[in-house]
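Below is one structure, written out as C-alpha cells; the observations come after it.
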Amino acid sequence: MEKEKKNILLIYTGGTIGMKVDQKTGALVPFNFNQIVSEVPELGKFGYDIDAISFDPLIDSSDVQPGFWLKLADAIERNYEKYNGFVILHGTDTMSYSASALSFMLDNLEKPVVFTGSQLPIGMLRTDGKENLISSIEIAAGTDEYGHAIVPEVCIYFDTMLYRGNRTTKYNAEYFRAFRSPNAPVLAQAGIHIKYNIENIRYPHEWGKRLCVNRNLCTDVAVLKIFPGISEKTIDAVMETENLKAVVMETFGSGNAPTSEWFISAIKRAIVRGIVVVNITQCLEGSVDMGAYATGVALRDAGVVSGADMTFEASVTKLFYLLGQNIDRRGVAAMMGESLKGEI
Ligand code: ASP
C-alpha cells in the first residue's frame with residue numbers, strides 16, 4: 001500500500017541561517033527564502049510536499065517581541081490541518097524564548113513544531129544550516145504506525161540534538177552546539193538514524209483534540225539578578241516598575257539569597273503588594289530547593305515561589321502566559337510550580 005505523502009510547512013522568520021554579508025557594512029543581513037531553497041537542493045529528494053512561508057520583514061531574532069509569537073502561532077493555527085509538521089527557521093539568539101513561549105501558547109498540540117537555525121549562514125561552505133534543516137524536516141514528518149506524530153511537541157533541533165524547546169537555553173555563541181537542555185534529556189539524537197527517546201517525549205492523553213492558541217500574553221514582568229553587593233535601592237527600583245505583576249529572581253545555588261533584614265523586607269514588601277516573585281537559580285544545571293539552606297528558607301517564608309529547575313527563558317514566558325490568563329495572583333503562583341508543558 002502506498003504511504004500518504006507528508007506535508008511540511010517551513011516558516012522562515014530570519015536569523016543567521018538565511019543571512020549573507022552586506023558588502024557595504026560587512027554585517028550579516030537576511031536574504032529571501034528562495035535563495036535558501038536553492039542552497040539546499042536536497043529538499044527535493046524527500047518526497048514530501050514542502051511548502052514555505054516567509055515572514056515580512058525577516059528579522060534578526062534579537063528583535064523578537066511577543067507580537068512575533070502571535071504571528072507564529074497564527075501561522076501554525078491557520079495551517080494546522082493541512083500539514084503533518086512545522087519547521088520554523090529562526091535566529092538562535094532568542095530561539096529558546098520563542099520555543100518556550102510557543103509551548104505555552106499552543107494547547108492540545110499533536111504535531112511537531114521544530115525550531116531550527118544555524119551558526120553559519122546556509123550559503124557558506126561549512127554551514128551547519130543544511131543538516132539542521134534537513135533533519136528538522138525529517139523529524140517534523142515523523143509518524144508512528146498509527147499515523148501519530150513521533151514528537152508532538154514544540155522543540156529545537158540543533159547540531160544533531162532534538163530538545164524540548166522550553167528546556168533549552170542558548171549557551172554557545174561560537175560552536176555549532178549552540179543549545180543545551182541542562183535539566184532534561186534530549187528527545188532524540190541524529191546519527192546514522194534518528195533515535196527517539198520515546199520515554200522522554202510528551203504525548204497527549206487523548207488524541208484528536210482541537211488545537212487552541214492562547215493569545216493573551218502579559219509582559220508586566222521584571223528580572224532581579226542577585227549579586228553580592230546588591231543594594232536596597234536596586235531592588236526597590238525593580239520592584240517599583242510601573243504595572244509590575246511578577247519578578248523572576250535569579251538567586252545563588254539551590255535558590256539562596258542574602259538573609260539581611262533589609263533584603264528580606266524588600267522582597268516581602270513586593271509580595272504583600274501582590275507581586276509574584278519566582279526564584280530560579282543562576283546555575284545552569286540543578287534546581288531551586290528553598291528548604292536546603294537557611295538562606296533559601298527565609299525566601300520561602302517570605303512567600304517567594306520556587307521555579308524549581310526551569311530555565312530563565314521558560315520562567316519569563318510562562319509568566320507572560322499565566323499573567324495573560326484570567327487567574328489571580330495565588331493561581332499564578334501555584335501554576336508557576338506546576339509543569340504545564342514539561343518545563344519543570
Ligand atoms: N543574531 C542572529 C539571530 O538570532 C544569530 C543567529 O541566528 O544565530 O537572529
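Just so we're on the same page: first chain in the C-alpha cells is A, next is B, and so on; residues restart at 1 for each chain, and ligands are numbered from 1 in the order they show up.
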
Sorted by chain and rising residue number, which residues of chain A lie within 9 Å of ligand 1, and what are their closest atom pairs and distances in Å to one decimal, counting only C-alpha atoms and all ligand atoms, as JSON lines?
```
{"residue": "A:Thr13", "atom": "CA", "partner": "ligand 1", "partner_atom_place_in_ligand_line": "9 (O)", "distance": 8.9}
{"residue": "A:Gly14", "atom": "CA", "partner": "ligand 1", "partner_atom_place_in_ligand_line": "9 (O)", "distance": 6.3}
{"residue": "A:Gly15", "atom": "CA", "partner": "ligand 1", "partner_atom_place_in_ligand_line": "9 (O)", "distance": 3.4}
{"residue": "A:Thr16", "atom": "CA", "partner": "ligand 1", "partner_atom_place_in_ligand_line": "7 (O)", "distance": 3.7}
{"residue": "A:Ile17", "atom": "CA", "partner": "ligand 1", "partner_atom_place_in_ligand_line": "7 (O)", "distance": 6.2}
{"residue": "A:Gly18", "atom": "CA", "partner": "ligand 1", "partner_atom_place_in_ligand_line": "7 (O)", "distance": 8.4}
{"residue": "A:Met19", "atom": "CA", "partner": "ligand 1", "partner_atom_place_in_ligand_line": "7 (O)", "distance": 8.5}
{"residue": "A:Leu28", "atom": "CA", "partner": "ligand 1", "partner_atom_place_in_ligand_line": "1 (N)", "distance": 8.6}
{"residue": "A:Ile59", "atom": "CA", "partner": "ligand 1", "partner_atom_place_in_ligand_line": "9 (O)", "distance": 6.6}
{"residue": "A:Asp60", "atom": "CA", "partner": "ligand 1", "partner_atom_place_in_ligand_line": "9 (O)", "distance": 3.4}
{"residue": "A:Ser61", "atom": "CA", "partner": "ligand 1", "partner_atom_place_in_ligand_line": "9 (O)", "distance": 3.7}
{"residue": "A:Ser62", "atom": "CA", "partner": "ligand 1", "partner_atom_place_in_ligand_line": "4 (O)", "distance": 5.6}
{"residue": "A:Asp63", "atom": "CA", "partner": "ligand 1", "partner_atom_place_in_ligand_line": "9 (O)", "distance": 8.0}
{"residue": "A:Val64", "atom": "CA", "partner": "ligand 1", "partner_atom_place_in_ligand_line": "9 (O)", "distance": 8.9}
{"residue": "A:His90", "atom": "CA", "partner": "ligand 1", "partner_atom_place_in_ligand_line": "7 (O)", "distance": 6.5}
{"residue": "A:Gly91", "atom": "CA", "partner": "ligand 1", "partner_atom_place_in_ligand_line": "7 (O)", "distance": 3.1}
{"residue": "A:Thr92", "atom": "CA", "partner": "ligand 1", "partner_atom_place_in_ligand_line": "8 (O)", "distance": 4.0}
{"residue": "A:Asp93", "atom": "CA", "partner": "ligand 1", "partner_atom_place_in_ligand_line": "4 (O)", "distance": 3.7}
{"residue": "A:Thr94", "atom": "CA", "partner": "ligand 1", "partner_atom_place_in_ligand_line": "4 (O)", "distance": 5.9}
{"residue": "A:Met95", "atom": "CA", "partner": "ligand 1", "partner_atom_place_in_ligand_line": "4 (O)", "distance": 7.2}
{"residue": "A:Gly117", "atom": "CA", "partner": "ligand 1", "partner_atom_place_in_ligand_line": "7 (O)", "distance": 6.2}
{"residue": "A:Ser118", "atom": "CA", "partner": "ligand 1", "partner_atom_place_in_ligand_line": "8 (O)", "distance": 5.6}
{"residue": "A:Gln119", "atom": "CA", "partner": "ligand 1", "partner_atom_place_in_ligand_line": "8 (O)", "distance": 4.8}
{"residue": "A:Leu120", "atom": "CA", "partner": "ligand 1", "partner_atom_place_in_ligand_line": "8 (O)", "distance": 7.3}
{"residue": "A:Pro121", "atom": "CA", "partner": "ligand 1", "partner_atom_place_in_ligand_line": "7 (O)", "distance": 8.4}
{"residue": "A:Ala173", "atom": "CA", "partner": "ligand 1", "partner_atom_place_in_ligand_line": "8 (O)", "distance": 7.8}
{"residue": "A:Ala178", "atom": "CA", "partner": "ligand 1", "partner_atom_place_in_ligand_line": "8 (O)", "distance": 8.6}
```

* Asked: Could you write out, as a PyMOL selection string, all the residues of stretch 130-297 of chain A that DSSP marks as helix (DSSP H, G or I)?
  -> chain A and resi 130-141+165-167+198-200+232-239+261-272+294-297

* Taking into account only C-alpha atoms, which residue in the set A:Ile88, A:Leu299, A:Ala141, A:Ile11 is nearest to A:Tyr48? ->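 Of the candidates, the smallest distance to A:Tyr48 is held by A:Ala141.
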
* Asked: So which residues touch stretch 236-244 of chain A within 9 Å, counting only C-alpha atoms, skipping near sequence neighbours fewer than 3 positions away, as a PyMOL selection string?
  -> chain A and resi 219-224+231-233+247+266-267+269-270+275

Got time to write the residues from that selection, N, CA and C atoms, as a PDB file, in the first residue's frame?
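part_16.pdb, freshly written:
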```
ATOM      1  N   THR A 219       3.148  41.186  29.647  1.00  0.00           N
ATOM      2  CA  THR A 219       4.607  41.297  29.795  1.00  0.00           C
ATOM      3  C   THR A 219       5.033  42.146  31.001  1.00  0.00           C
ATOM      4  N   ASP A 220       4.140  42.318  31.968  1.00  0.00           N
ATOM      5  CA  ASP A 220       4.494  43.136  33.140  1.00  0.00           C
ATOM      6  C   ASP A 220       5.378  42.348  34.102  1.00  0.00           C
ATOM      7  N   VAL A 221       6.524  41.973  33.602  1.00  0.00           N
ATOM      8  CA  VAL A 221       7.444  41.098  34.334  1.00  0.00           C
ATOM      9  C   VAL A 221       8.814  41.783  34.383  1.00  0.00           C
ATOM     10  N   ALA A 222       9.506  41.650  35.498  1.00  0.00           N
ATOM     11  CA  ALA A 222      10.880  42.178  35.585  1.00  0.00           C
ATOM     12  C   ALA A 222      11.802  41.070  36.094  1.00  0.00           C
ATOM     13  N   VAL A 223      13.088  41.338  35.983  1.00  0.00           N
ATOM     14  CA  VAL A 223      14.090  40.344  36.377  1.00  0.00           C
ATOM     15  C   VAL A 223      14.977  40.964  37.442  1.00  0.00           C
ATOM     16  N   LEU A 224      15.262  40.194  38.450  1.00  0.00           N
ATOM     17  CA  LEU A 224      16.151  40.671  39.506  1.00  0.00           C
ATOM     18  C   LEU A 224      17.255  39.640  39.683  1.00  0.00           C
ATOM     19  N   SER A 231      22.142  46.425  46.178  1.00  0.00           N
ATOM     20  CA  SER A 231      21.659  47.380  47.181  1.00  0.00           C
ATOM     21  C   SER A 231      20.141  47.386  47.252  1.00  0.00           C
ATOM     22  N   GLU A 232      19.658  47.898  48.349  1.00  0.00           N
ATOM     23  CA  GLU A 232      18.215  48.008  48.558  1.00  0.00           C
ATOM     24  C   GLU A 232      17.599  48.873  47.463  1.00  0.00           C
ATOM     25  N   LYS A 233      18.361  49.906  47.081  1.00  0.00           N
ATOM     26  CA  LYS A 233      17.872  50.837  46.043  1.00  0.00           C
ATOM     27  C   LYS A 233      17.599  50.085  44.744  1.00  0.00           C
ATOM     28  N   VAL A 247       8.080  38.998  39.197  1.00  0.00           N
ATOM     29  CA  VAL A 247       9.535  39.157  39.085  1.00  0.00           C
ATOM     30  C   VAL A 247      10.174  37.772  39.034  1.00  0.00           C
ATOM     31  N   ALA A 266      12.490  43.890  51.731  1.00  0.00           N
ATOM     32  CA  ALA A 266      12.214  44.451  50.392  1.00  0.00           C
ATOM     33  C   ALA A 266      11.430  43.442  49.554  1.00  0.00           C
ATOM     34  N   ILE A 267      11.812  42.184  49.658  1.00  0.00           N
ATOM     35  CA  ILE A 267      11.104  41.145  48.891  1.00  0.00           C
ATOM     36  C   ILE A 267       9.674  40.996  49.429  1.00  0.00           C
ATOM     37  N   ARG A 269       7.839  43.178  50.988  1.00  0.00           N
ATOM     38  CA  ARG A 269       7.013  44.350  50.632  1.00  0.00           C
ATOM     39  C   ARG A 269       6.394  44.153  49.237  1.00  0.00           C
ATOM     40  N   ALA A 270       7.218  43.650  48.318  1.00  0.00           N
ATOM     41  CA  ALA A 270       6.728  43.438  46.955  1.00  0.00           C
ATOM     42  C   ALA A 270       5.643  42.368  46.932  1.00  0.00           C
ATOM     43  N   ILE A 275       2.857  41.234  44.084  1.00  0.00           N
ATOM     44  CA  ILE A 275       3.788  40.829  43.016  1.00  0.00           C
ATOM     45  C   ILE A 275       4.221  39.370  43.234  1.00  0.00           C
TER      46      ILE A 275
END
```

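Shortest separation to A:Phe320 among A:Val37, A:Val332, A:Tyr196, A:Ser135 occurs at residue A:Val332, atoms counted being only C-alpha atoms.
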
* Asked: Tell me, which residues of stretch 50-177 of chain A carry DSSP strand (DSSP E or B), written as a ChimeraX atom specification?
  -> /A:50-59,85-89,106-107,113-116,143,149,154-158,161-164,169-170

* Asked: Neighbours of A:Glu77 within 9 Å (only C-alpha atoms; same-chain residues fewer than 6 positions away dropped), as a ChimeraX atom specification?
  -> /A:106,211-213

* Structure fact -> Using only C-alpha atoms, the best pick from A:Lys209, A:Gly253, A:Asn84, A:Leu58 as closest to A:Val29 would be A:Leu58

* Residue contacts of stretch 187-190 of chain A (8 Å, only C-alpha atoms) excluding same-chain residues fewer than 2 positions away, as a list in words ->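 Once the nearby chain positions are removed, what remains is Ser135, Thr160, Met161, Leu162, Tyr163, Arg164, Pro185, Ile192, His193, Ile194, Lys195, Tyr196, Asn197, Ile198, Asn200 and Ile201 of chain A.
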
If you keep N, CA and C atoms, can you produce a file of those selected residues as a CSV table (one decimal), in the first residue's frame?
```csv
chain,number,residue,atom,x,y,z
A,135,SER,N,17.4,17.5,8.8
A,135,SER,CA,16.9,16.6,9.9
A,135,SER,C,15.7,17.2,10.6
A,160,THR,N,22.6,17.9,15.7
A,160,THR,CA,22.2,16.5,15.9
A,160,THR,C,21.3,16.2,17.1
A,161,MET,N,21.0,17.3,17.9
A,161,MET,CA,20.2,17.0,19.1
A,161,MET,C,18.8,17.6,19.0
A,162,LEU,N,17.8,16.9,19.4
A,162,LEU,CA,16.4,17.4,19.5
A,162,LEU,C,16.1,17.6,21.0
A,163,TYR,N,15.8,18.8,21.3
A,163,TYR,CA,15.5,19.2,22.7
A,163,TYR,C,14.0,19.6,22.8
A,164,ARG,N,13.5,19.4,24.0
A,164,ARG,CA,12.2,20.1,24.3
A,164,ARG,C,12.5,21.6,24.4
A,185,PRO,N,16.5,15.5,29.5
A,185,PRO,CA,17.2,14.7,28.5
A,185,PRO,C,16.8,15.1,27.1
A,192,ILE,N,23.4,8.0,12.4
A,192,ILE,CA,23.1,7.3,11.1
A,192,ILE,C,21.5,7.2,11.1
A,193,HIS,N,21.0,7.0,12.3
A,193,HIS,CA,19.5,7.0,12.4
A,193,HIS,C,19.1,8.1,13.3
A,194,ILE,N,17.9,8.6,13.2
A,194,ILE,CA,17.4,9.5,14.2
A,194,ILE,C,16.8,8.6,15.4
A,195,LYS,N,17.5,8.6,16.5
A,195,LYS,CA,17.0,7.8,17.6
A,195,LYS,C,16.2,8.6,18.6
A,196,TYR,N,14.9,8.3,18.7
A,196,TYR,CA,14.0,9.0,19.5
A,196,TYR,C,14.0,8.4,20.9
A,197,ASN,N,14.0,9.3,21.9
A,197,ASN,CA,13.9,8.8,23.3
A,197,ASN,C,12.4,8.9,23.7
A,198,ILE,N,11.7,7.9,23.2
A,198,ILE,CA,10.2,7.9,23.3
A,198,ILE,C,9.7,8.2,24.8
A,200,ASN,N,10.9,10.0,26.9
A,200,ASN,CA,11.0,11.4,27.3
A,200,ASN,C,10.1,12.4,26.6
A,201,ILE,N,9.4,11.9,25.6
A,201,ILE,CA,8.5,12.7,24.8
A,201,ILE,C,7.2,12.8,25.4
```

* Which is closest to A:Arg202 among A:Ala314, A:Val154, A:Val297, A:Leu217, if we use only C-alpha atoms? ->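 Nearest to A:Arg202: A:Val154.
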
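For the atom pair formed by atom CA of A:Gly303 and atom CA of A:Phe104, the distance is 24.7 Å, given to one decimal.
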
* To do: Would you please work out which residue, of A:Pro30, A:Gly191, A:Gly331, A:Gly129, is nearest to A:Val276 when using only C-alpha atoms?
  => A:Gly331

* Skip A:Glu42 itself and residues of its chain fewer than 5 positions away, then list as JSON, numbers by chain all residues within 12 Å of it, counting only C-alpha atoms. => {"A": [36, 37, 47, 48, 50, 130, 131, 133, 134, 135, 137]}

* Asked: How many Å separate atom CA of A:Ile235 from atom CA of A:Ser265?
  ->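 Atom-to-atom, atom CA of A:Ile235 and atom CA of A:Ser265 are spaced 10.6 Å apart.
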
* Residue nearest A:Asn166 among A:Asn216, A:Ser96, A:Ser136, A:Thr143 (counting only C-alpha atoms) ->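 So, comparing all the options, the nearest one is A:Ser96.
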
Stretch 144-148 of chain A environment, 12 Å, only C-alpha atoms, sequence neighbours closer than 6 positions dropped, as a short mmCIF file (atom, residue, chain, number, x, y, z; two decimals) with C-alpha atoms, in the first residue's frame:
```cif
data_model
loop_
_atom_site.label_atom_id
_atom_site.label_comp_id
_atom_site.auth_asym_id
_atom_site.auth_seq_id
_atom_site.Cartn_x
_atom_site.Cartn_y
_atom_site.Cartn_z
CA LYS A 3 2.02 5.64 2.05
CA GLU A 4 0.31 9.00 2.18
CA LYS A 5 2.61 11.84 1.14
CA LYS A 6 3.74 14.00 4.05
CA ASN A 84 1.96 16.93 9.31
CA GLY A 85 4.55 19.17 10.92
CA LEU A 109 -0.61 20.31 20.15
CA GLU A 110 -0.45 16.98 18.31
CA LYS A 111 2.05 17.86 15.61
CA PRO A 112 5.76 18.65 15.70
CA TYR A 196 13.97 8.99 19.53
CA ILE A 198 10.19 7.94 23.32
CA TYR A 203 2.14 12.66 24.33
CA PRO A 204 -1.47 13.83 24.55
CA GLU A 206 -6.22 11.74 24.25
CA TRP A 207 -5.63 12.36 20.54
CA GLY A 208 -7.94 14.29 18.28
#
```

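Counting from atom CA of A:Gly123, the distance to atom CA of A:Glu39 is 6.2 Å.
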